[in-house]
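Remarks on the structure that follows.
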Amino acid sequence: MRSFLSYIIPLFLLSCQVFASDYYEQLNLKPLPHSALLASFDFRSNTSLSQFEAQNFRYFPRSLGQILQHVGTRELHLRFSLGRWDAASWGARPWDGTKEGGTGVELWAWLEADTDEEADHKWLTLTNALSGLFCASLNFIDGTRTTRPVMSFISEGDHPNSTLANMHLLHGILPREVVCTENLTPFLKLLPCKGKAGISSLLDGHKLFDASWQSMAIDIRPVCPSDQECVLEIEQTIDMVLDIERSKRPRDNPIPRPPPGHDLKCNSSKPYHAGDTCFPADSIEGQEWALDQVFGKTMKGTCPLTDPDVPPVCIQAPDSRDVYTSAGVTELKTPSGLSRCYKVPSDSEFSLVLPRMSHEGENAKTNADEMVEPETPLLYAERSFTGHGQERGGVQSILTNPSPDTEVEFIYMETLPWFMRIYLHTLKTRIEGISGFNEDVVKEIYYRPALDRARGTQLELRMRIPPASTVFLTYDFEKSILRYTEYPPDANRGFDVAASVITILPSTAPNAPPARRKTSNLRTTSLLLSLPTPDFSMPYNVIIFTSTAVAVAFGGLYNILVRRFVAADEGPAVAGGLKGKIIAGVSKLAAMFKGAKGKVE
Amino acid sequence: MPRLLSTALLMRRDPRLLKLPPYLSLLCIVVGVAWLLMLPLDDYSRRTYISENALLPGQVHTYFGGSDQNVFRAYRHEVDALKDKSNTEINDELENIFRGIGLKVGRQNYTYHSAGNTYSGENVYAILQAPRGDATEAIVLVAAWKNVKDEFNRNGLALALALTRYFRRWSLWSKDIILVIPPDSRMGTQAWVDAYHDAHDASRVASLPIKSGALQGAIAVDYPQDGRFESVHVVYDGVNGQLPNLDLINSVVNIASGQMGMGSSLQQMWRHSDKYDDRLKTMLRGMLNQGLGHAAGPHSCFIPYHVDAITLQPVGQGWHDEMGLGRLVEGTFRSLNNLLEHLHQSFFFYLLMHKERFVSIGTYLPSAMLIAANFTIMAIFLWIKSGHVEINSPSKETKSKPATTETSKAVEEKRGAAAERDLLLPLSLVAGCQFLGALPLFIFNHTPSNLLAPIFAIFSLINLTLPPLFSHLLQARRAQDKPITLQHYNLSKSFSLLLLGMFLSSLATLNFSLAFLVGLLATPLSFTRPWPGNAIAQYAYIALLNLVSPTTVIAAGAAAWARYGQGEMGVVQAVTEVLEEAAFGWDVWGMYTPLVIWCVWWPAWLVGSVVVLGQPGTAIKGDTKKKVL
Amino acid sequence: MSSPLADRLDHGVASGIDASASAPAAEADDNQVSNRSSQPPAVRKLPPPESSADTRRRSLVVASFWFIVLCLGLPIWWKTTTIYRANLPLSQMTDWADGKTCSPVFPLQVSVEAPALQDGEAQNLMRITQYALETMTDFPGYRLQLEMPQTTTADQTTDPSRESNTALTIRLQPGDVAASTLHPHLPVLEVTYPPSSIPSPESSSNGFATYLATQLRSTFAEEQAIMSYLLATSSIPSDQQPQGSSLDTTESLSKRMTRSLKYSGTYHLTFSLFTSGPAPSSWDIEAAIDQYMKPVLDMLKPIHNFTIDTQVQLYAAPGVHSQVLSKEDLSSFINAAEWPLSPGIGGAPTVNFVVFTGNQTIGMDSETETSQSWLIPQWGSVYLLSPPPATHVPSDLLKQPILTFTSHLLSLLGTPQSGSLPMRLSTLTRIRSADLLLRASSSLGSLARLSLALPSISIPSSVADGVAKSMHHLELACANLGSTESLEHARIAEAEAERAFFEKSMVGQLYFPDEHKVTVYLPLLGPVGVPLVMGLLSELKAWRQRRQQKAKLS
């Protein structure tokens, strides 16, 4: 975490005085192992609350401001995420995971309302308005997907105590939503410089959504600096992990055809190495890449609204890594020697080239020279379904605390759909990796059971995991059968279960490193729950079949009740009707047969 | 309605009606078999078609090839270098390769005990996480170190490695791709799938360190042969005769023939002239595999978990090289990748008789059902028949020769008079036999493999002597007070047939072929009857029964396998292998064929032969006396 | 057949046996047994007489089945399958639509203040002028009523807004020549007259009176034209319309009417500063608005409220890049895809005022637009501002744009163009209320027609409430036409009528044909119904037979 902070913290200092000039933007690049590149864009603009109340919008987007005022939103957080962060190889998350959401769209906000009903109503309006603004189906966040987290989310803004009293936190998440270009365009529209100048001119839908992992975040919170008047701050961040090899491909030819044999990077040390036999070696050595190559376009100057003292681009690479830039760019190295920033002339185009560093030959470079080693995260979390079949199943979350010496305390929140009926008594924790640990890792449980078709299950656990140990958290659930009309068109695909949110609490230890002093977040992947699905093709057949069965049963019962049974030869005239004929015929045959028999005897 | 009933009442009393059922059940059997033989005709079978539109088989260009072949060769060298290493060393090396490609790697230990042997090994598997995907869905690529015939799957492995490396370059995967490399094809995948769905017994099988989402499909590559191949052999039988969704097979066949221009074959029919006899042969082979219910390849273990899976085996000498197979796999994966929903459109119950011809359950089920029905008919018939006094039973004939007219008249009166049924003895007999079935099941699943053959021999001998023993015991027990009557035999036969019919008809919906085969072999049981007077018939029939007894059938099957199957072996060894396989299936795969044989078929056979050997005493007289007074 | 049934039959037969045994004509048991089993019966025997208990039980069974069907099944079926239709006052609604209930043609009071005249003279003058007004041919239906304020004291400070429904006040002052001027800020017509021209009490016509009349007429000409236009476009049959204005005026009116926004209590004004480059990035809009637009907005207060927001947008390229904009370009100038001009949420319609800083100009080929700005009907207006020197736009630069916007706003609101501002506004009130009245009643009428046309559409109670409210407010509005509260009532009425007409559950109600239901449920109804009916019939037959037998016996 340290090195990440090494430029996060100066940013915070910067941003404090940046409030004067109301707009701030910066791009941070961070090469990752396996030729991946983390690019995190950060745009921050703010308006004084008085101007906001007067609806005079300058840097703050008007379309959003209107919505906020209309529904009395005090603080709002919106996340669009895609893919998964590979913590094992990429290490800790950018922004400590505070600026990312579960797969799909996630929204939580503090609304000012007197009653819960009013809050719900406002929430509904908010989601509808936002769905229109961001081209996302946020309006599907209905009562069944909305929760009121108790422990998980902490308000980030400075709120006057007057409003604190009746602020309601509502949280909703849409795991099924596929984030794509149509969400980026409105996102860019909110920026003062749109996509036209500054670092935002690098953003391109195709590259962004080809990334291995990406998260767009919007945070709106009131901030009250000590000496100045309160401002409303909107911060938009885009973090993406690009696979350099993939994103270097030209857009007109994105197909990964096999390269010609001679450009194949081979491991020539192998005995069988030959012209037609090649053990691939490209994954060992890093790739060379350039900014315009990776993003598909060059950066067009800087946004004129920013403070000229703030370097728009920073890259996190050791000083031993050689980086070439376009002309007229001034480089600022941080004392830590692990990152450097670039000041860009306002009108010239800017690009950045990181050449390939050969690992053999003289002045051979090691990985340490090539990239900053990613820090190990505070917690690894993984969640998956257990069991199989259509009736019941289970969920298993594996939570690992990698740190050798410090224990980690966090809040684990699950938001489950109502048709996934969990049995709380089956909630169990098993701890591995540590011996003789006999206290319960679950310290506190907040559980709000689901109501069918009304609201989902909300489960929040406060847990503490001892150092260097793994906790298996498991519980069972039952799959309920939906109504015919409640199935989505692709019922057989299954139903997405939202990611569980993990909020790591700041450690109270006096000598805790800065990374542990503030809350950081973590989200598991979402799950795909398969429910028993009927055959939708034949509802009428079913109706007809059942009613026939009912009718037959009824007929039998009714007849037995009202008919009178008499001996066969006492019935009314046999000759009547077909049955009579049959009976007559049968008895005649019988007579003949008897006659024959008699002759025999 | 009551009139209808009353006429039926009349008919029930009509003696000639009581003669009908045997012919009826015979008819059922004949029609059932005929029905099955009709299926390969064009009018009864259908052409296959893709019913899941999302699959779009063969619609995508496949780019695997070119310099990937160099990589493939390199990997093959690596694999060859590992040929004689131990399982762990192999997995270490593979793990390095995977990490080099940039995949998440997991390993899993497992140990199975069956028939006295201990099978253990370590799976290694790698997850290629779908870019932009989250771990909700996954496709599996299986390349076992050794295939079912214990051949070294060198090309398959190298191909799988090269493919995975190639797949990593694409950004279009919507599902994770899991490459599983079990040390063998029979239990490695089983252990892996069980653990993946947490259905494993933690004491024998370790759970998986890393996982992905719901499995949507699995393709196993089985490519031991060297050099180029001509066509690809699609193996699709699952454990207990469950089958993958027909769409999967269709799309593979479609891609192979349409895009790659390579032939495809089923059920080891290398040359298939799309004619009646070839179709019939294919179908029967399919039914045999299905009926045995064993794992035909590494894919079989996936199917019980509703994961559609097949194995691809290159066969023959042709002009297609490894890259061709690779492109076939690539095309199939692209199709599976297109899937929005789990495969559900097409059929899960079908009989394939050609790569492009099949019959669906609606069409073929009646044949098995008819065969099962014949037992039920006989059972009901016997129940009714045992309801009243028999006149023209042979024993009676002999007695009634010197009888005077009024006795005959008395007899006349008695015809059709309701006789009360003595249920205790038949019930206990049938129940006893049923429970006895658990004995061989236990024995054959728990004897060490080296003892299997002798024990089987002993058991068959016992099996031979068991019916006479039983009937003698019955006679002896009933000798003193009231002898055992025909009614008893009828009743016990009726009960056992009732059970048999019930079991088979319900089994037919699960494993059609097994139900059909067992039913066919058990048909003689519906015509068993005591032949008191005439010993020849009796012995002839008992001989027939012994010909179709479970033990004989097993021995015969083993012999046939030893004769025609690959690799020459003695009958004894064959029997051992068969029983071993059965025990293995029972322990590892949860294969229920032994259960059906020993607890459904064998008891019925036992009761049947007891009935044939029966010596019904002259009981009617006493009965009627009782009735008259 | 299932075995329980078979057993039951056995039992039935057994009972038969007993019955026959007890029957008078009985044969030997054994024969009978053998007979029943195989032989055809030699003689058919009557079934044994059934005990009365059985017959009663059977009839009770049948009755109970029918009881359940009639008293439970049918009501439930009826309840669950009928569509709820709240009953609407259809006749009244149609009356409203036809303008029978209340035609929006109403008299206008014009008060005459003649401090310098004696009452007699004044009355006389008024009488004659009124007569002159009536006799004007092309001025029908639209009656002006002259009246004398009760207190004709000398104080000139009579606030005309005191009695709201006085449209105009005429101030007569003696002067040397007959002249009339409209007061710039009050609805007052100041007329000077030569004292000689005051008519004598007995004279029936008088030059000055006619002059007065013509003045009045010209003052109200536009309003009358608009009114008649509204009536013409409304659903009211033409027989009770004042046939009035000529054709050319109608089409110019229609242009103006289509240009103006739909009426609403509040409007949301959005002032946007767009620029295709990085500058200017801020402006003094608040000050400018306060300075140049507030006064007008304040005057509009009684009719409309306004909410205002402003925004600055950089790097916003227009839809057209040509240096000189032709008339066609203007339509595509607004770059709807890129410019964030989303309408404000919360009901109030948004009026957009766009200041675009760029050195583009408009080709002067059309007479209505200035070279700087143009008006976009029902949307707002655009002003092209030449780029300022600095990145900040001071308020004095904004004077011209804001003034233009103000005038555009007035025309967007549909205010008439002639007359002094207060006159125009009071006219606006009347026009608007009439307009809303007509809209509301017409939508009521169409709702009535709809409910008559589709008998299978469901009408939830909310619709009925809406209609009731709407009509109530219509009546209120009708009660005192022309006043601001009538405007308010009319607005509510119109809103309610619209809401009732566009009720979701009505629209969403899809048509599910009855034969469809029948076909689906036939397999149930058929086999259940037939035995029931047959059973009933046979019971009735049996009952009649018993009756006859009784009759025979007795």
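Ordered as shown in the structure tokens, chains take letters A, B, and onward, while each chain numbers its residues from 1 and ligands are numbered from 1 in the order shown.
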
Any idea what's packed within 6 Å of region 281-296 of chain C, counting only C-alpha atoms, ignoring anything in its chain fewer than 5 positions away? Could you give it as a short mmCIF file (atom, residue, chain, number, x, y, z; two decimals) with N, CA, C and O atoms, in the first residue's frame?
data_model
loop_
_atom_site.label_atom_id
_atom_site.label_comp_id
_atom_site.auth_asym_id
_atom_site.auth_seq_id
_atom_site.Cartn_x
_atom_site.Cartn_y
_atom_site.Cartn_z
N THR C 391 -12.15 35.33 -20.27
CA THR C 391 -12.86 34.08 -20.06
C THR C 391 -14.11 34.32 -19.23
O THR C 391 -14.86 33.38 -18.98
N HIS C 392 -14.31 35.55 -18.77
CA HIS C 392 -15.48 35.84 -17.96
C HIS C 392 -16.39 36.79 -18.73
O HIS C 392 -15.93 37.74 -19.35
N VAL C 393 -17.67 36.52 -18.71
CA VAL C 393 -18.62 37.36 -19.44
C VAL C 393 -19.31 38.28 -18.43
O VAL C 393 -20.05 37.80 -17.57
N PRO C 394 -19.04 39.58 -18.49
CA PRO C 394 -19.68 40.50 -17.54
C PRO C 394 -21.16 40.68 -17.86
O PRO C 394 -21.61 40.36 -18.96
N SER C 395 -21.88 41.27 -16.92
CA SER C 395 -23.34 41.31 -17.07
C SER C 395 -23.76 42.30 -18.14
O SER C 395 -24.78 42.12 -18.81
#

Skipping near chain neighbours, those fewer than 3 positions away, what residues fall within 10 Å of Gly65 (chain B) using only C-alpha atoms, listed as a ChimeraX atom specification? /A:257-259 /B:62,68-72,162-163,166,322-324,326-327

If DSSP is run on the backbone, what residues of region 97-246 of chain A are strand (DSSP E or B)? A reply as a PyMOL selection string would be ideal. chain A and resi 104-112+146-147+167-174+198+213-223+231-243

From a DSSP pass on the backbone, collect the residues of region 342-536 of chain A flagged as alpha helix (DSSP H) and hand them back as a PyMOL selection string. chain A and resi 367-370

Shortest interatomic distance to chain C - which of A:Leu37, A:Val105, A:Ala129, A:Val395, counting only C-alpha atoms: A:Ala129

At a cut-off of 7 Å, list the chain A residues touching chain C, using only C-alpha atoms, as a PyMOL selection string. chain A and resi 55-58+62-63+66-67+192-194+196+304+540+544+547-548+551+554-555+562+565-567+569-571+587+590-591

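Across the model, the gap from CA of Ala143 (chain B) to CA of Gly156 (chain B) is 6.0 Å.
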
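For Ser264 (chain B), the list of residues within 6 Å, based on only C-alpha atoms and with local chain neighbours fewer than 3 positions off taken out, reads Ser231, Val232 and His233 of chain B.
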
What lies within 12 Å of Val467 (chain C) using only C-alpha atoms, ignoring chain neighbours under 6 positions off, as a short mmCIF file (atom, residue, chain, number, x, y, z; two decimals) with all heavy atoms, in the first residue's frame?
data_model
loop_
_atom_site.label_atom_id
_atom_site.label_comp_id
_atom_site.auth_asym_id
_atom_site.auth_seq_id
_atom_site.Cartn_x
_atom_site.Cartn_y
_atom_site.Cartn_z
N ALA C 86 -66.24 1.86 -13.45
CA ALA C 86 -66.88 2.91 -12.66
C ALA C 86 -67.81 3.69 -13.59
O ALA C 86 -67.50 3.90 -14.77
CB ALA C 86 -65.83 3.85 -12.09
N ASN C 87 -68.98 4.09 -13.08
CA ASN C 87 -69.90 4.77 -14.00
C ASN C 87 -69.57 6.26 -14.03
O ASN C 87 -69.36 6.91 -13.01
CB ASN C 87 -71.35 4.55 -13.57
CG ASN C 87 -71.52 4.80 -12.09
OD1 ASN C 87 -70.52 5.15 -11.44
ND2 ASN C 87 -72.71 4.65 -11.57
N LEU C 88 -69.50 6.76 -15.22
CA LEU C 88 -69.11 8.15 -15.44
C LEU C 88 -70.35 8.96 -15.81
O LEU C 88 -71.27 8.44 -16.44
CB LEU C 88 -68.10 8.24 -16.58
CG LEU C 88 -66.82 7.43 -16.39
CD1 LEU C 88 -65.99 7.46 -17.65
CD2 LEU C 88 -66.01 7.99 -15.24
N PRO C 89 -70.36 10.22 -15.44
CA PRO C 89 -71.47 11.10 -15.87
C PRO C 89 -71.34 11.43 -17.35
O PRO C 89 -70.96 12.55 -17.72
CB PRO C 89 -71.30 12.33 -14.98
CG PRO C 89 -69.84 12.36 -14.67
CD PRO C 89 -69.41 10.93 -14.58
N LEU C 90 -71.64 10.46 -18.18
CA LEU C 90 -71.34 10.61 -19.61
C LEU C 90 -72.04 11.82 -20.21
O LEU C 90 -71.45 12.64 -20.90
CB LEU C 90 -71.76 9.34 -20.35
CG LEU C 90 -70.96 8.11 -19.94
CD1 LEU C 90 -71.50 6.87 -20.64
CD2 LEU C 90 -69.50 8.32 -20.26
N GLN C 92 -73.18 14.58 -18.92
CA GLN C 92 -72.60 15.89 -18.57
C GLN C 92 -71.28 16.09 -19.27
O GLN C 92 -70.96 17.18 -19.77
CB GLN C 92 -72.40 15.96 -17.05
CG GLN C 92 -73.68 15.73 -16.27
CD GLN C 92 -73.40 15.67 -14.79
OE1 GLN C 92 -72.58 16.43 -14.28
NE2 GLN C 92 -74.07 14.76 -14.11
N MET C 93 -70.50 15.03 -19.33
CA MET C 93 -69.18 15.18 -19.97
C MET C 93 -69.36 15.63 -21.41
O MET C 93 -68.71 16.56 -21.88
CB MET C 93 -68.42 13.85 -19.90
CG MET C 93 -67.93 13.50 -18.52
SD MET C 93 -67.63 11.76 -18.30
CE MET C 93 -66.12 11.62 -19.24
N THR C 94 -70.28 14.95 -22.11
CA THR C 94 -70.48 15.36 -23.51
C THR C 94 -70.99 16.79 -23.56
O THR C 94 -70.61 17.57 -24.44
CB THR C 94 -71.49 14.41 -24.18
OG1 THR C 94 -72.49 14.10 -23.22
CG2 THR C 94 -70.80 13.15 -24.67
N TRP C 96 -70.24 19.18 -21.58
CA TRP C 96 -69.05 20.04 -21.46
C TRP C 96 -68.33 20.11 -22.79
O TRP C 96 -67.97 21.17 -23.29
CB TRP C 96 -68.12 19.51 -20.39
CG TRP C 96 -68.46 19.98 -19.02
CD1 TRP C 96 -69.04 19.27 -18.04
CD2 TRP C 96 -68.25 21.29 -18.50
NE1 TRP C 96 -69.21 20.03 -16.92
CE2 TRP C 96 -68.74 21.30 -17.18
CE3 TRP C 96 -67.71 22.47 -19.01
CZ2 TRP C 96 -68.70 22.41 -16.37
CZ3 TRP C 96 -67.66 23.59 -18.21
CH2 TRP C 96 -68.16 23.55 -16.90
N ALA C 440 -59.87 21.01 -21.36
CA ALA C 440 -60.41 20.09 -20.35
C ALA C 440 -61.70 19.48 -20.84
O ALA C 440 -61.88 18.25 -20.86
CB ALA C 440 -60.63 20.84 -19.05
N SER C 441 -62.60 20.34 -21.32
CA SER C 441 -63.91 19.79 -21.71
C SER C 441 -63.76 18.87 -22.91
O SER C 441 -64.43 17.83 -22.98
CB SER C 441 -64.88 20.94 -22.02
OG SER C 441 -64.19 22.01 -22.57
N SER C 443 -61.21 16.97 -23.63
CA SER C 443 -60.68 15.65 -23.23
C SER C 443 -61.74 14.88 -22.44
O SER C 443 -61.84 13.65 -22.57
CB SER C 443 -59.40 15.81 -22.41
OG SER C 443 -59.63 16.72 -21.36
N LEU C 444 -62.55 15.59 -21.68
CA LEU C 444 -63.67 14.90 -21.02
C LEU C 444 -64.56 14.25 -22.07
O LEU C 444 -64.94 13.07 -21.97
CB LEU C 444 -64.49 15.89 -20.19
CG LEU C 444 -63.94 16.29 -18.84
CD1 LEU C 444 -64.90 17.22 -18.12
CD2 LEU C 444 -63.70 15.05 -17.99
N GLY C 445 -64.83 15.01 -23.09
CA GLY C 445 -65.71 14.47 -24.14
C GLY C 445 -65.10 13.24 -24.77
O GLY C 445 -65.77 12.20 -24.92
N SER C 446 -63.82 13.30 -25.06
CA SER C 446 -63.23 12.13 -25.73
C SER C 446 -63.20 10.94 -24.79
O SER C 446 -63.40 9.80 -25.22
CB SER C 446 -61.82 12.47 -26.21
OG SER C 446 -61.17 13.24 -25.23
N LEU C 447 -63.02 11.21 -23.49
CA LEU C 447 -63.07 10.10 -22.54
C LEU C 447 -64.44 9.45 -22.58
O LEU C 447 -64.58 8.22 -22.64
CB LEU C 447 -62.77 10.61 -21.13
CG LEU C 447 -62.84 9.56 -20.03
CD1 LEU C 447 -61.90 8.42 -20.33
CD2 LEU C 447 -62.51 10.17 -18.69
N ALA C 448 -65.47 10.29 -22.60
CA ALA C 448 -66.83 9.76 -22.65
C ALA C 448 -66.99 8.90 -23.91
O ALA C 448 -67.48 7.77 -23.85
CB ALA C 448 -67.83 10.92 -22.66
N ILE C 459 -62.72 0.58 -16.27
CA ILE C 459 -62.62 1.98 -15.85
C ILE C 459 -62.43 2.01 -14.34
O ILE C 459 -63.38 1.82 -13.59
CB ILE C 459 -63.89 2.77 -16.25
CG1 ILE C 459 -64.04 2.76 -17.77
CG2 ILE C 459 -63.79 4.20 -15.75
CD1 ILE C 459 -65.27 3.43 -18.25
N PRO C 460 -61.19 2.16 -13.88
CA PRO C 460 -60.96 2.17 -12.44
C PRO C 460 -61.60 3.40 -11.79
O PRO C 460 -61.91 4.39 -12.46
CB PRO C 460 -59.44 2.22 -12.32
CG PRO C 460 -58.97 2.76 -13.61
CD PRO C 460 -59.94 2.31 -14.65
N SER C 461 -61.77 3.30 -10.48
CA SER C 461 -62.48 4.38 -9.79
C SER C 461 -61.69 5.68 -9.85
O SER C 461 -62.25 6.77 -9.82
CB SER C 461 -62.69 3.99 -8.32
OG SER C 461 -61.44 3.67 -7.76
N HIS C 473 -64.05 21.59 -10.83
CA HIS C 473 -63.22 22.78 -11.05
C HIS C 473 -63.65 23.52 -12.29
O HIS C 473 -63.60 24.75 -12.34
CB HIS C 473 -61.75 22.35 -11.15
CG HIS C 473 -61.14 22.05 -9.82
ND1 HIS C 473 -60.77 23.03 -8.94
CD2 HIS C 473 -60.87 20.87 -9.21
CE1 HIS C 473 -60.28 22.48 -7.84
NE2 HIS C 473 -60.34 21.17 -7.98
N LEU C 474 -64.13 22.79 -13.27
CA LEU C 474 -64.64 23.49 -14.46
C LEU C 474 -65.76 24.43 -14.06
O LEU C 474 -65.81 25.59 -14.46
CB LEU C 474 -65.13 22.46 -15.49
CG LEU C 474 -64.07 21.86 -16.40
CD1 LEU C 474 -64.70 20.82 -17.31
CD2 LEU C 474 -63.42 22.95 -17.22
N ILE C 492 -56.38 23.21 -12.94
CA ILE C 492 -56.59 21.95 -12.21
C ILE C 492 -57.51 21.04 -13.01
O ILE C 492 -57.23 19.86 -13.23
CB ILE C 492 -57.19 22.25 -10.82
CG1 ILE C 492 -56.23 23.13 -10.03
CG2 ILE C 492 -57.47 20.96 -10.09
CD1 ILE C 492 -56.78 23.63 -8.73
N ALA C 493 -58.60 21.64 -13.50
CA ALA C 493 -59.57 20.84 -14.25
C ALA C 493 -58.88 20.16 -15.42
O ALA C 493 -59.02 18.95 -15.63
CB ALA C 493 -60.68 21.75 -14.76
N GLU C 494 -58.08 20.93 -16.13
CA GLU C 494 -57.42 20.37 -17.32
C GLU C 494 -56.50 19.22 -16.91
O GLU C 494 -56.55 18.12 -17.47
CB GLU C 494 -56.64 21.49 -18.01
CG GLU C 494 -56.30 21.21 -19.46
CD GLU C 494 -54.90 20.73 -19.60
OE1 GLU C 494 -54.17 20.79 -18.59
OE2 GLU C 494 -54.53 20.26 -20.69
N ALA C 495 -55.71 19.46 -15.85
CA ALA C 495 -54.77 18.42 -15.41
C ALA C 495 -55.53 17.15 -15.03
O ALA C 495 -55.19 16.04 -15.47
CB ALA C 495 -53.97 18.93 -14.20
N GLU C 496 -56.62 17.33 -14.25
CA GLU C 496 -57.39 16.15 -13.82
C GLU C 496 -57.94 15.41 -15.03
O GLU C 496 -57.86 14.18 -15.11
CB GLU C 496 -58.55 16.61 -12.91
CG GLU C 496 -58.09 17.05 -11.53
CD GLU C 496 -57.53 15.88 -10.75
OE1 GLU C 496 -57.86 14.73 -11.07
OE2 GLU C 496 -56.71 16.12 -9.83
N ALA C 497 -58.48 16.18 -15.96
CA ALA C 497 -59.07 15.53 -17.14
C ALA C 497 -58.00 14.72 -17.88
O ALA C 497 -58.21 13.55 -18.22
CB ALA C 497 -59.66 16.60 -18.05
N GLU C 498 -56.85 15.32 -18.04
CA GLU C 498 -55.77 14.61 -18.74
C GLU C 498 -55.43 13.32 -17.98
O GLU C 498 -55.35 12.24 -18.56
CB GLU C 498 -54.52 15.51 -18.79
CG GLU C 498 -54.67 16.70 -19.71
CD GLU C 498 -54.71 16.27 -21.17
OE1 GLU C 498 -53.83 15.50 -21.59
OE2 GLU C 498 -55.66 16.67 -21.87
N ARG C 499 -55.28 13.48 -16.64
CA ARG C 499 -54.88 12.31 -15.85
C ARG C 499 -55.91 11.19 -16.01
O ARG C 499 -55.56 10.02 -16.21
CB ARG C 499 -54.75 12.71 -14.37
CG ARG C 499 -53.75 11.88 -13.60
CD ARG C 499 -53.54 12.44 -12.21
NE ARG C 499 -54.80 12.70 -11.52
CZ ARG C 499 -55.60 11.73 -11.07
NH1 ARG C 499 -55.29 10.46 -11.28
NH2 ARG C 499 -56.73 12.03 -10.45
N ALA C 500 -57.19 11.59 -15.95
CA ALA C 500 -58.24 10.59 -16.08
C ALA C 500 -58.17 9.93 -17.45
O ALA C 500 -58.31 8.71 -17.58
CB ALA C 500 -59.60 11.24 -15.89
N PHE C 501 -57.89 10.74 -18.45
CA PHE C 501 -57.93 10.18 -19.80
C PHE C 501 -56.77 9.22 -20.02
O PHE C 501 -56.92 8.15 -20.60
CB PHE C 501 -57.88 11.31 -20.83
CG PHE C 501 -58.02 10.82 -22.24
CD1 PHE C 501 -59.27 10.42 -22.71
CD2 PHE C 501 -56.94 10.73 -23.07
CE1 PHE C 501 -59.42 9.96 -24.00
CE2 PHE C 501 -57.08 10.26 -24.37
CZ PHE C 501 -58.33 9.87 -24.82
N PHE C 502 -55.59 9.57 -19.50
CA PHE C 502 -54.42 8.73 -19.73
C PHE C 502 -54.16 7.81 -18.55
O PHE C 502 -53.01 7.57 -18.18
CB PHE C 502 -53.19 9.61 -19.99
CG PHE C 502 -53.29 10.37 -21.27
CD1 PHE C 502 -53.52 11.73 -21.27
CD2 PHE C 502 -53.19 9.71 -22.47
CE1 PHE C 502 -53.61 12.42 -22.44
CE2 PHE C 502 -53.29 10.40 -23.65
CZ PHE C 502 -53.51 11.76 -23.65
N GLU C 503 -55.23 7.32 -17.93
CA GLU C 503 -55.07 6.38 -16.82
C GLU C 503 -54.35 5.12 -17.32
O GLU C 503 -54.75 4.52 -18.31
CB GLU C 503 -56.44 6.03 -16.26
CG GLU C 503 -56.44 4.88 -15.28
CD GLU C 503 -55.69 5.23 -14.00
OE1 GLU C 503 -55.84 6.38 -13.56
OE2 GLU C 503 -54.96 4.37 -13.50
#
